[in-house]
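Q: Got a structure for you, work_25.cif, holding mmCIF, N, CA and C atoms.
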```
data_protein
loop_
_atom_site.label_atom_id
_atom_site.label_comp_id
_atom_site.auth_asym_id
_atom_site.auth_seq_id
_atom_site.Cartn_x
_atom_site.Cartn_y
_atom_site.Cartn_z
N MET A 5 11.45 3.48 -21.34
CA MET A 5 10.48 4.52 -21.04
C MET A 5 11.22 5.87 -20.97
N GLU A 6 10.69 6.84 -21.67
CA GLU A 6 11.30 8.16 -21.67
C GLU A 6 11.12 8.83 -20.31
N GLN A 7 11.94 9.83 -20.05
CA GLN A 7 11.91 10.53 -18.76
C GLN A 7 10.52 11.10 -18.47
N ASN A 8 9.90 11.74 -19.47
CA ASN A 8 8.59 12.34 -19.28
C ASN A 8 7.53 11.28 -18.97
N GLU A 9 7.60 10.14 -19.66
CA GLU A 9 6.67 9.04 -19.41
C GLU A 9 6.87 8.46 -18.01
N TRP A 10 8.15 8.34 -17.60
CA TRP A 10 8.48 7.81 -16.29
C TRP A 10 7.91 8.71 -15.19
N VAL A 11 8.02 10.01 -15.36
CA VAL A 11 7.48 10.96 -14.38
C VAL A 11 5.96 10.83 -14.31
N LYS A 12 5.30 10.75 -15.46
CA LYS A 12 3.84 10.58 -15.49
C LYS A 12 3.44 9.29 -14.80
N TYR A 13 4.18 8.22 -15.07
CA TYR A 13 3.89 6.93 -14.46
C TYR A 13 4.01 7.00 -12.94
N LYS A 14 5.07 7.63 -12.46
CA LYS A 14 5.26 7.75 -11.00
C LYS A 14 4.12 8.56 -10.37
N ILE A 15 3.63 9.57 -11.07
CA ILE A 15 2.51 10.36 -10.56
C ILE A 15 1.22 9.53 -10.54
N GLU A 16 1.01 8.73 -11.58
CA GLU A 16 -0.17 7.86 -11.61
C GLU A 16 -0.15 6.86 -10.46
N VAL A 17 1.02 6.30 -10.20
CA VAL A 17 1.16 5.36 -9.07
C VAL A 17 0.90 6.08 -7.76
N ARG A 18 1.41 7.30 -7.64
CA ARG A 18 1.18 8.08 -6.42
C ARG A 18 -0.31 8.28 -6.18
N GLU A 19 -1.05 8.63 -7.22
CA GLU A 19 -2.49 8.85 -7.07
C GLU A 19 -3.22 7.55 -6.72
N ARG A 20 -2.76 6.47 -7.28
CA ARG A 20 -3.37 5.17 -6.97
C ARG A 20 -3.10 4.78 -5.51
N LEU A 21 -1.90 5.07 -5.03
CA LEU A 21 -1.57 4.80 -3.62
C LEU A 21 -2.36 5.70 -2.68
N ARG A 22 -2.60 6.93 -3.10
CA ARG A 22 -3.42 7.84 -2.30
C ARG A 22 -4.84 7.28 -2.18
N ALA A 23 -5.40 6.82 -3.29
CA ALA A 23 -6.75 6.24 -3.27
C ALA A 23 -6.78 4.99 -2.38
N PHE A 24 -5.72 4.18 -2.45
CA PHE A 24 -5.62 2.99 -1.61
C PHE A 24 -5.61 3.38 -0.13
N ALA A 25 -4.81 4.38 0.22
CA ALA A 25 -4.74 4.83 1.62
C ALA A 25 -6.09 5.34 2.10
N LEU A 26 -6.80 6.05 1.25
CA LEU A 26 -8.13 6.54 1.63
C LEU A 26 -9.11 5.40 1.85
N LYS A 27 -9.01 4.36 1.04
CA LYS A 27 -9.87 3.18 1.22
C LYS A 27 -9.52 2.44 2.50
N ILE A 28 -8.24 2.40 2.83
CA ILE A 28 -7.82 1.79 4.10
C ILE A 28 -8.44 2.56 5.26
N LEU A 29 -8.44 3.88 5.17
CA LEU A 29 -9.06 4.68 6.24
C LEU A 29 -10.56 4.41 6.32
N ASP A 30 -11.21 4.24 5.17
CA ASP A 30 -12.63 3.88 5.18
C ASP A 30 -12.84 2.53 5.86
N LEU A 31 -11.99 1.56 5.51
CA LEU A 31 -12.10 0.23 6.11
C LEU A 31 -11.89 0.29 7.62
N SER A 32 -11.02 1.16 8.07
CA SER A 32 -10.71 1.24 9.51
C SER A 32 -11.94 1.58 10.35
N GLU A 33 -12.95 2.14 9.72
CA GLU A 33 -14.17 2.52 10.45
C GLU A 33 -15.14 1.36 10.66
N ILE A 34 -14.91 0.21 10.01
CA ILE A 34 -15.89 -0.88 10.11
C ILE A 34 -15.37 -2.12 10.83
N PHE A 35 -14.22 -2.02 11.47
CA PHE A 35 -13.69 -3.17 12.21
C PHE A 35 -14.52 -3.44 13.46
N PRO A 36 -14.63 -4.71 13.83
CA PRO A 36 -15.33 -5.03 15.08
C PRO A 36 -14.56 -4.48 16.29
N GLU A 37 -15.28 -4.05 17.28
CA GLU A 37 -14.68 -3.47 18.48
C GLU A 37 -14.31 -4.56 19.49
N VAL A 38 -13.52 -5.51 19.04
CA VAL A 38 -12.98 -6.56 19.90
C VAL A 38 -11.47 -6.48 19.80
N THR A 39 -10.77 -7.18 20.67
CA THR A 39 -9.31 -7.06 20.73
C THR A 39 -8.66 -7.32 19.38
N ARG A 40 -9.01 -8.42 18.73
CA ARG A 40 -8.35 -8.72 17.46
C ARG A 40 -8.69 -7.68 16.39
N GLY A 41 -9.90 -7.18 16.43
CA GLY A 41 -10.30 -6.14 15.48
C GLY A 41 -9.49 -4.87 15.68
N LYS A 42 -9.31 -4.50 16.93
CA LYS A 42 -8.54 -3.28 17.23
C LYS A 42 -7.08 -3.43 16.83
N VAL A 43 -6.49 -4.58 17.12
CA VAL A 43 -5.08 -4.82 16.81
C VAL A 43 -4.86 -4.80 15.29
N VAL A 44 -5.66 -5.57 14.56
CA VAL A 44 -5.50 -5.65 13.12
C VAL A 44 -5.81 -4.31 12.47
N ASN A 45 -6.83 -3.63 12.95
CA ASN A 45 -7.18 -2.32 12.42
C ASN A 45 -6.00 -1.36 12.55
N TYR A 46 -5.41 -1.33 13.74
CA TYR A 46 -4.27 -0.44 13.98
C TYR A 46 -3.11 -0.76 13.04
N GLN A 47 -2.77 -2.04 12.93
CA GLN A 47 -1.64 -2.45 12.10
C GLN A 47 -1.88 -2.16 10.62
N LEU A 48 -3.08 -2.50 10.13
CA LEU A 48 -3.40 -2.28 8.72
C LEU A 48 -3.45 -0.79 8.41
N THR A 49 -4.03 -0.02 9.30
CA THR A 49 -4.12 1.43 9.06
C THR A 49 -2.72 2.04 9.00
N LYS A 50 -1.83 1.59 9.87
CA LYS A 50 -0.46 2.09 9.83
C LYS A 50 0.25 1.72 8.54
N SER A 51 0.21 0.45 8.19
CA SER A 51 0.95 0.03 6.99
C SER A 51 0.29 0.54 5.71
N GLY A 52 -1.03 0.52 5.66
CA GLY A 52 -1.74 0.94 4.46
C GLY A 52 -1.58 2.41 4.12
N THR A 53 -1.49 3.24 5.12
CA THR A 53 -1.26 4.67 4.88
C THR A 53 0.23 4.96 4.71
N SER A 54 1.06 4.14 5.32
CA SER A 54 2.50 4.32 5.23
C SER A 54 3.01 4.08 3.82
N VAL A 55 2.35 3.20 3.07
CA VAL A 55 2.76 2.95 1.69
C VAL A 55 2.74 4.27 0.92
N TYR A 56 1.66 5.01 1.05
CA TYR A 56 1.51 6.29 0.36
C TYR A 56 2.52 7.31 0.87
N ALA A 57 2.66 7.42 2.17
CA ALA A 57 3.58 8.40 2.75
C ALA A 57 5.02 8.14 2.33
N ASN A 58 5.43 6.89 2.38
CA ASN A 58 6.81 6.57 2.01
C ASN A 58 7.05 6.67 0.52
N TYR A 59 6.05 6.40 -0.28
CA TYR A 59 6.19 6.58 -1.73
C TYR A 59 6.40 8.06 -2.05
N ARG A 60 5.65 8.92 -1.39
CA ARG A 60 5.84 10.37 -1.61
C ARG A 60 7.27 10.77 -1.24
N ALA A 61 7.77 10.20 -0.15
CA ALA A 61 9.16 10.49 0.25
C ALA A 61 10.14 9.98 -0.80
N ALA A 62 9.85 8.82 -1.37
CA ALA A 62 10.73 8.26 -2.41
C ALA A 62 10.77 9.19 -3.63
N LEU A 63 9.64 9.78 -3.96
CA LEU A 63 9.60 10.69 -5.10
C LEU A 63 10.47 11.92 -4.90
N ARG A 64 10.77 12.25 -3.67
CA ARG A 64 11.62 13.41 -3.38
C ARG A 64 13.09 13.02 -3.20
N SER A 65 13.41 11.80 -3.54
CA SER A 65 14.79 11.31 -3.39
C SER A 65 15.76 12.14 -4.22
N ARG A 66 16.98 12.23 -3.71
CA ARG A 66 18.01 13.03 -4.38
C ARG A 66 18.89 12.21 -5.30
N SER A 67 18.73 10.89 -5.27
CA SER A 67 19.55 10.03 -6.14
C SER A 67 18.80 8.72 -6.40
N LYS A 68 19.29 7.97 -7.38
CA LYS A 68 18.70 6.66 -7.65
C LYS A 68 18.88 5.72 -6.47
N ALA A 69 20.03 5.81 -5.81
CA ALA A 69 20.29 4.96 -4.65
C ALA A 69 19.31 5.26 -3.51
N GLU A 70 19.06 6.54 -3.29
CA GLU A 70 18.11 6.92 -2.25
C GLU A 70 16.69 6.50 -2.63
N PHE A 71 16.34 6.66 -3.91
CA PHE A 71 15.02 6.22 -4.39
C PHE A 71 14.86 4.72 -4.16
N PHE A 72 15.88 3.94 -4.52
CA PHE A 72 15.83 2.49 -4.33
C PHE A 72 15.64 2.15 -2.85
N SER A 73 16.38 2.82 -2.00
CA SER A 73 16.29 2.57 -0.56
C SER A 73 14.89 2.86 -0.03
N LYS A 74 14.34 3.99 -0.42
CA LYS A 74 13.00 4.36 0.04
C LYS A 74 11.94 3.45 -0.57
N MET A 75 12.14 3.03 -1.81
CA MET A 75 11.19 2.11 -2.44
C MET A 75 11.19 0.75 -1.75
N THR A 76 12.32 0.37 -1.18
CA THR A 76 12.38 -0.87 -0.41
C THR A 76 11.43 -0.80 0.78
N ILE A 77 11.37 0.34 1.43
CA ILE A 77 10.45 0.54 2.55
C ILE A 77 9.01 0.51 2.05
N VAL A 78 8.76 1.14 0.92
CA VAL A 78 7.42 1.16 0.32
C VAL A 78 6.96 -0.26 0.04
N VAL A 79 7.83 -1.07 -0.55
CA VAL A 79 7.50 -2.46 -0.87
C VAL A 79 7.20 -3.24 0.41
N GLU A 80 8.00 -3.04 1.44
CA GLU A 80 7.78 -3.73 2.72
C GLU A 80 6.41 -3.37 3.31
N GLU A 81 6.06 -2.10 3.27
CA GLU A 81 4.77 -1.66 3.82
C GLU A 81 3.61 -2.18 2.97
N ALA A 82 3.79 -2.21 1.65
CA ALA A 82 2.75 -2.74 0.76
C ALA A 82 2.55 -4.23 1.01
N ASP A 83 3.65 -4.95 1.20
CA ASP A 83 3.56 -6.38 1.49
C ASP A 83 2.86 -6.62 2.82
N GLU A 84 3.18 -5.82 3.81
CA GLU A 84 2.52 -5.96 5.12
C GLU A 84 1.03 -5.66 5.00
N SER A 85 0.67 -4.65 4.24
CA SER A 85 -0.76 -4.33 4.06
C SER A 85 -1.49 -5.49 3.40
N GLU A 86 -0.87 -6.06 2.37
CA GLU A 86 -1.48 -7.21 1.70
C GLU A 86 -1.66 -8.37 2.67
N MET A 87 -0.66 -8.59 3.52
CA MET A 87 -0.74 -9.67 4.51
C MET A 87 -1.90 -9.46 5.48
N TRP A 88 -2.07 -8.22 5.98
CA TRP A 88 -3.17 -7.95 6.91
C TRP A 88 -4.52 -8.14 6.23
N LEU A 89 -4.64 -7.69 5.00
CA LEU A 89 -5.90 -7.86 4.27
C LEU A 89 -6.19 -9.35 4.05
N ASP A 90 -5.16 -10.12 3.73
CA ASP A 90 -5.32 -11.57 3.57
C ASP A 90 -5.77 -12.19 4.89
N LEU A 91 -5.18 -11.76 5.98
CA LEU A 91 -5.53 -12.30 7.30
C LEU A 91 -6.97 -11.93 7.69
N ILE A 92 -7.39 -10.74 7.36
CA ILE A 92 -8.76 -10.31 7.63
C ILE A 92 -9.75 -11.22 6.91
N ILE A 93 -9.46 -11.51 5.65
CA ILE A 93 -10.35 -12.37 4.86
C ILE A 93 -10.30 -13.80 5.39
N ALA A 94 -9.10 -14.33 5.60
CA ALA A 94 -8.94 -15.72 6.05
C ALA A 94 -9.59 -15.97 7.41
N SER A 95 -9.55 -14.96 8.28
CA SER A 95 -10.11 -15.12 9.62
C SER A 95 -11.63 -14.94 9.64
N GLY A 96 -12.17 -14.38 8.55
CA GLY A 96 -13.61 -14.10 8.52
C GLY A 96 -13.99 -12.87 9.33
N MET A 97 -13.00 -12.11 9.75
CA MET A 97 -13.26 -10.92 10.56
C MET A 97 -14.17 -9.94 9.81
N ILE A 98 -13.80 -9.65 8.57
CA ILE A 98 -14.63 -8.83 7.68
C ILE A 98 -14.49 -9.47 6.31
N ASN A 99 -15.56 -9.93 5.75
CA ASN A 99 -15.47 -10.58 4.45
C ASN A 99 -16.53 -9.99 3.53
N THR A 100 -16.22 -8.83 3.00
CA THR A 100 -17.13 -8.13 2.11
C THR A 100 -16.46 -7.96 0.74
N ASP A 101 -17.25 -7.58 -0.24
CA ASP A 101 -16.69 -7.29 -1.56
C ASP A 101 -15.67 -6.17 -1.48
N PHE A 102 -15.91 -5.20 -0.59
CA PHE A 102 -14.99 -4.08 -0.42
C PHE A 102 -13.62 -4.58 0.02
N VAL A 103 -13.58 -5.47 0.99
CA VAL A 103 -12.30 -6.01 1.48
C VAL A 103 -11.65 -6.86 0.40
N GLN A 104 -12.45 -7.64 -0.31
CA GLN A 104 -11.91 -8.47 -1.39
C GLN A 104 -11.25 -7.60 -2.47
N SER A 105 -11.93 -6.52 -2.85
CA SER A 105 -11.38 -5.64 -3.90
C SER A 105 -10.15 -4.89 -3.39
N LEU A 106 -10.16 -4.53 -2.12
CA LEU A 106 -8.99 -3.86 -1.53
C LEU A 106 -7.79 -4.81 -1.49
N HIS A 107 -8.05 -6.07 -1.19
CA HIS A 107 -6.98 -7.06 -1.19
C HIS A 107 -6.42 -7.25 -2.59
N ALA A 108 -7.29 -7.34 -3.59
CA ALA A 108 -6.84 -7.47 -4.98
C ALA A 108 -6.01 -6.26 -5.39
N GLU A 109 -6.45 -5.08 -5.00
CA GLU A 109 -5.70 -3.85 -5.30
C GLU A 109 -4.34 -3.87 -4.61
N SER A 110 -4.28 -4.36 -3.38
CA SER A 110 -3.00 -4.40 -2.67
C SER A 110 -2.02 -5.33 -3.38
N GLU A 111 -2.52 -6.45 -3.89
CA GLU A 111 -1.65 -7.38 -4.63
C GLU A 111 -1.12 -6.73 -5.91
N GLU A 112 -1.99 -6.04 -6.60
CA GLU A 112 -1.58 -5.38 -7.84
C GLU A 112 -0.58 -4.25 -7.57
N LEU A 113 -0.85 -3.45 -6.55
CA LEU A 113 0.08 -2.37 -6.19
C LEU A 113 1.44 -2.92 -5.79
N LEU A 114 1.44 -4.02 -5.06
CA LEU A 114 2.70 -4.63 -4.65
C LEU A 114 3.52 -5.04 -5.88
N LYS A 115 2.87 -5.64 -6.86
CA LYS A 115 3.58 -6.03 -8.09
C LYS A 115 4.15 -4.81 -8.80
N ILE A 116 3.38 -3.75 -8.87
CA ILE A 116 3.83 -2.51 -9.53
C ILE A 116 5.05 -1.94 -8.80
N LEU A 117 4.97 -1.88 -7.48
CA LEU A 117 6.06 -1.29 -6.70
C LEU A 117 7.33 -2.12 -6.77
N VAL A 118 7.20 -3.44 -6.72
CA VAL A 118 8.36 -4.32 -6.85
C VAL A 118 9.01 -4.12 -8.22
N SER A 119 8.17 -4.03 -9.25
CA SER A 119 8.67 -3.81 -10.60
C SER A 119 9.40 -2.48 -10.72
N MET A 120 8.84 -1.43 -10.15
CA MET A 120 9.47 -0.12 -10.19
C MET A 120 10.85 -0.17 -9.53
N ARG A 121 10.91 -0.82 -8.38
CA ARG A 121 12.17 -0.89 -7.64
C ARG A 121 13.20 -1.71 -8.42
N SER A 122 12.76 -2.78 -9.04
CA SER A 122 13.71 -3.66 -9.72
C SER A 122 14.25 -3.04 -11.02
N LYS A 123 13.56 -2.05 -11.57
CA LYS A 123 14.01 -1.41 -12.81
C LYS A 123 15.14 -0.41 -12.59
N LEU A 124 15.49 -0.18 -11.34
CA LEU A 124 16.55 0.81 -11.09
C LEU A 124 17.92 0.22 -11.27
#
```
Let me see whether you can do it: turn the structure in this file into structure tokens.
A:
Amino acid sequence: MEQNEWVKYKIEVRERLRAFALKILDLSEIFPEVTRGKVVNYQLTKSGTSVYANYRAALRSRSKAEFFSKMTIVVEEADESEMWLDLIIASGMINTDFVQSLHAESEELLKILVSMRSKL
């Protein structure tokens, strides 16, 4: 992949992560107001928005080594977000098409981010 294509690709991923974070914020408004709902909501909202924030930080890296290091954090947060979404579905806490599609998107984003990190 040429440098220009790589930059475009990273920007596309950034925009996709931004959309994911916004959907996580939308989801955070529909959790049940019970203890487990509050705990999972808090954890998912933190990890789901952190993926976007840490990816933006990775884009400002000063070296490939720093980019790799920051991408490792991004992958960890993406994996945690996927886990919380899986748990939400498995527990029956919220089982809507919106959550199902968000979970599918989290799996796809995780694959993309792992691939990006491994290409360094």
Q: What is the distance, in Å and to one decimal place, between atom CA of A:Met97 and atom CA of A:Lys42?
A: 11.2 Å
Q: Using the chain letters and numbering of this document, enumerate as a PyMOL selection string the residues selected by the PyMOL selection byres ((chain A and resi 72-86) around 6.5).
A: chain A and resi 48+51-52+54-55+58-59+61-62+67-71+87-91+107+110-111+114+117-118+121
Q: If I take atom C of A:Glu33 and atom C of A:Asn99, how far is one from the other in Å, to one decimal?
A: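 Separation of atom C of A:Glu33 and atom C of A:Asn99: 13.5 Å.
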Q: If you run DSSP on the backbone, which residues of chain A are helix (DSSP H, G or I), as a ChimeraX atom specification?
A: /A:7-32,39-63,68-95,101-122
Q: I'd like to know which of A:Thr49, A:Ser95, A:Asn8, A:Thr100 is closest to A:Ala25, using only C-alpha atoms.
A: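 Smallest distance to A:Ala25 is found for A:Thr49.
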Q: Quick one: distance from atom CA of A:Phe24 to atom CA of A:Glu37 in Å, one decimal?
A: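 It comes out at 23.0 Å.
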Q: May I ask which of the residues A:Phe35, A:Ile15, A:Ala23, A:Ser122 is the closest one to A:Glu109, counting only C-alpha atoms?
A: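 Among A:Phe35, A:Ile15, A:Ala23, A:Ser122, it is A:Ala23 that comes nearest to A:Glu109.
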Q: Quick one: of A:Ile116, A:Val11, A:Ile98, A:Leu106, who's nearest to A:Asn45, counting only C-alpha atoms?
A: A:Ile98
Q: When distances are computed from all atoms listed in the file, which of A:Glu16, A:Ser65, A:Met120, A:Leu31 shows the smallest separation from A:Val103?
A: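 Of all the options, A:Leu31 lies closest to A:Val103.
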